[in-house]
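Input: a single structure, listed below in structure tokens.
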Amino acid sequence: MKQHGIVTPYEGRQHGGWDPEAPIPAPLALHRTTVSPAWVDYNGHLSESCFLLVFGDNSDAFFRWIGVDEAYRAAGHSLYTAETHLHHRGEASEGDPLRLTLQILDVDDKRLHLFHAMHHEDSGALLATAEQMLLHVDTAAGRVAPFPGSLVQRLAATRAAHARLPVPEAVGHVMGIHRKPPRPHEN
């Protein structure tokens, strides 16, 4: 079978797959990486596009963990990103170790709402967050389709395990320049 597109080496292979008997961590911690020299920008920090790359690798680790792997995609289904909101909170430099977590905020029959957090592995400092809305797609038909039963069960179980987590402060923020109202003139 010919492979199309990118298959990241970080797709959660080190964590195995879904185990219905195992407790579900809240949040999930399926991906760790080190800032590569190729990811560093002209300021000596992790480039803004590479923050998204690392969050994408975290999503891929999660997909593999729940069973969305090469065979699943070859059978004609995948998850597509509809929207992502990144919040940059700190800087990372070449060689810095990164630890990522993932929380399911919500899921329905066709959509998945995720929250990622990127921390410096050693200091624990929060470096960035990403909120993501994904759609389950029938790739042959080219349209959104319901999750199959086995995936529904895995996602529901993970969502239930994550329901006790607080909703992160960054969720649902709207971007804009917030202006103070003009002060009334004093007479």
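Note on naming: chains are A, B, ... as they come in the structure tokens, residues start from 1 per chain, ligands start from 1 in the order shown.
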- Message: Set the distance at 10 Å and use only C-alpha atoms: which residues neighbour Gly90 in chain A once local chain neighbours fewer than 3 positions away are removed? I'd like the list as a ChimeraX atom specification.
- Response: /A:45-46,87,118-120,125-128
For the residues in the current selection, export C-alpha atoms as an mmCIF file, in the first residue's frame.
data_model
loop_
_atom_site.group_PDB
_atom_site.id
_atom_site.type_symbol
_atom_site.label_atom_id
_atom_site.label_comp_id
_atom_site.auth_asym_id
_atom_site.auth_seq_id
_atom_site.Cartn_x
_atom_site.Cartn_y
_atom_site.Cartn_z
ATOM 1 C CA HIS A 45 13.503 30.339 19.728
ATOM 2 C CA LEU A 46 11.076 27.657 18.598
ATOM 3 C CA HIS A 87 -1.632 30.729 22.660
ATOM 4 C CA MET A 118 3.114 22.261 25.909
ATOM 5 C CA HIS A 119 5.416 22.388 28.926
ATOM 6 C CA HIS A 120 9.155 22.585 29.317
ATOM 7 C CA ALA A 125 6.812 26.050 32.577
ATOM 8 C CA LEU A 126 3.771 26.323 30.320
ATOM 9 C CA LEU A 127 5.090 27.333 26.884
ATOM 10 C CA ALA A 128 1.968 27.215 24.725
#
- Item | Shell around Asp122 in chain A at 12 Å using only C-alpha atoms, local window under 5 positions removed, as a list of chain:residue names | A:Arg32, A:Thr34, A:Ala92, A:Gly95, A:Asp96, A:Pro97, A:Leu98, A:Arg99
Can I get the selection written as a CSV table (one decimal), in the first residue's frame, with all heavy atoms?
chain,number,residue,atom,x,y,z
A,32,ARG,N,6.4,13.4,23.8
A,32,ARG,CA,7.6,14.2,24.3
A,32,ARG,C,8.5,14.4,23.1
A,32,ARG,O,8.6,13.5,22.3
A,32,ARG,CB,8.3,13.5,25.5
A,32,ARG,CG,7.6,13.6,26.8
A,32,ARG,CD,8.3,12.8,27.8
A,32,ARG,NE,7.9,13.1,29.2
A,32,ARG,CZ,6.8,12.7,29.7
A,32,ARG,NH1,6.0,11.9,29.0
A,32,ARG,NH2,6.5,13.0,31.0
A,34,THR,N,12.2,17.0,21.7
A,34,THR,CA,13.2,18.0,22.0
A,34,THR,C,13.2,19.0,20.8
A,34,THR,O,13.1,18.6,19.7
A,34,THR,CB,14.6,17.3,22.1
A,34,THR,OG1,14.5,16.3,23.2
A,34,THR,CG2,15.7,18.3,22.4
A,92,ALA,N,10.9,28.5,23.8
A,92,ALA,CA,11.7,27.3,23.9
A,92,ALA,C,12.9,27.5,23.0
A,92,ALA,O,12.7,28.1,21.9
A,92,ALA,CB,10.9,26.1,23.5
A,95,GLY,N,17.3,22.3,21.7
A,95,GLY,CA,17.6,21.3,22.7
A,95,GLY,C,16.7,21.2,23.9
A,95,GLY,O,16.8,20.3,24.7
A,96,ASP,N,15.8,22.2,24.0
A,96,ASP,CA,14.9,22.2,25.2
A,96,ASP,C,13.9,20.9,25.1
A,96,ASP,O,13.4,20.7,24.0
A,96,ASP,CB,14.0,23.4,25.2
A,96,ASP,CG,14.7,24.6,25.8
A,96,ASP,OD1,15.8,24.5,26.3
A,96,ASP,OD2,14.1,25.7,25.8
A,97,PRO,N,13.8,20.2,26.2
A,97,PRO,CA,12.8,19.1,26.2
A,97,PRO,C,11.4,19.6,26.4
A,97,PRO,O,11.1,20.4,27.3
A,97,PRO,CB,13.3,18.3,27.4
A,97,PRO,CG,13.9,19.3,28.3
A,97,PRO,CD,14.5,20.4,27.4
A,98,LEU,N,10.5,19.0,25.6
A,98,LEU,CA,9.1,19.4,25.7
A,98,LEU,C,8.2,18.2,26.1
A,98,LEU,O,8.4,17.1,25.6
A,98,LEU,CB,8.6,19.9,24.3
A,98,LEU,CG,9.4,21.1,23.7
A,98,LEU,CD1,8.9,21.4,22.3
A,98,LEU,CD2,9.5,22.3,24.6
A,99,ARG,N,7.2,18.5,26.9
A,99,ARG,CA,6.3,17.5,27.3
A,99,ARG,C,4.9,18.0,27.0
A,99,ARG,O,4.6,19.1,27.3
A,99,ARG,CB,6.4,17.2,28.8
A,99,ARG,CG,5.3,16.3,29.3
A,99,ARG,CD,5.4,16.1,30.9
A,99,ARG,NE,5.5,17.3,31.6
A,99,ARG,CZ,4.5,18.0,32.0
A,99,ARG,NH1,3.3,17.7,31.7
A,99,ARG,NH2,4.7,19.1,32.7
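Of note, CA of Val144 in chain A and CA of Val54 in chain A are spaced 25.3 Å apart.
Around Leu155 in chain A, within 12 Å and counting only C-alpha atoms, the residues found are Trp18, Pro20, Ile24, Phe62, Phe63, Trp65, Ile66, Gly67, Val68, Gln103, Ile104, Leu105, Asp106, Val107, Asp108, Asp109, Lys110, Arg111, Leu112, His113, Leu114, Phe147, Pro148, Gly149, Ser150, Ala160, Ala161, His162 and Ala163 of chain A, once anything fewer than 5 positions away on its own chain is removed.
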- Task: For Val171 in chain A, please output as a VMD selection string all residues within 9 Å (counting only C-alpha atoms; exclusion window: fewer than 3 positions along the same chain).
- Result: chain A and resid 85 115 130 to 131 167 to 168
- Task: Write down as a ChimeraX atom specification the residues of range 7-175 of chain A whose backbone DSSP state falls under strand (DSSP E or B).
- Result: /A:28-34,40,46,77-88,97-107,111-120,126-138,143-144
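Nearest residue to His88 in chain A among A:His31, A:Arg64, A:Arg183, A:His116 is A:His116, counting only C-alpha atoms.
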- Tell me, which residues of chain A carry DSSP alpha helix (DSSP H), written as an NGL selection string? :A and (48-66 or 70-74 or 149-162)
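For the set A:Leu151, A:Val137, A:Ala156, A:Val174, the residue with the smallest atom-to-atom gap to Arg73 in chain A is A:Val137, counting only C-alpha atoms.
Closest approach to Ala26 in chain A among A:His185, A:His136, A:Arg89, A:Arg164: A:Arg164, based on only C-alpha atoms.
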- Message: Just checking: using only C-alpha atoms, which residue out of A:Pro182, A:Ala38, A:Asp138, A:Pro23 ends up closest to Leu79 in chain A?
- Response: A:Asp138
- Note on the structure: CA of Val40 in chain A sits from CA of Thr101 in chain A at a separation of 21.9 Å
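Here CA of Ala82 in chain A is placed at a distance of 18.7 Å from CA of Ala117 in chain A.
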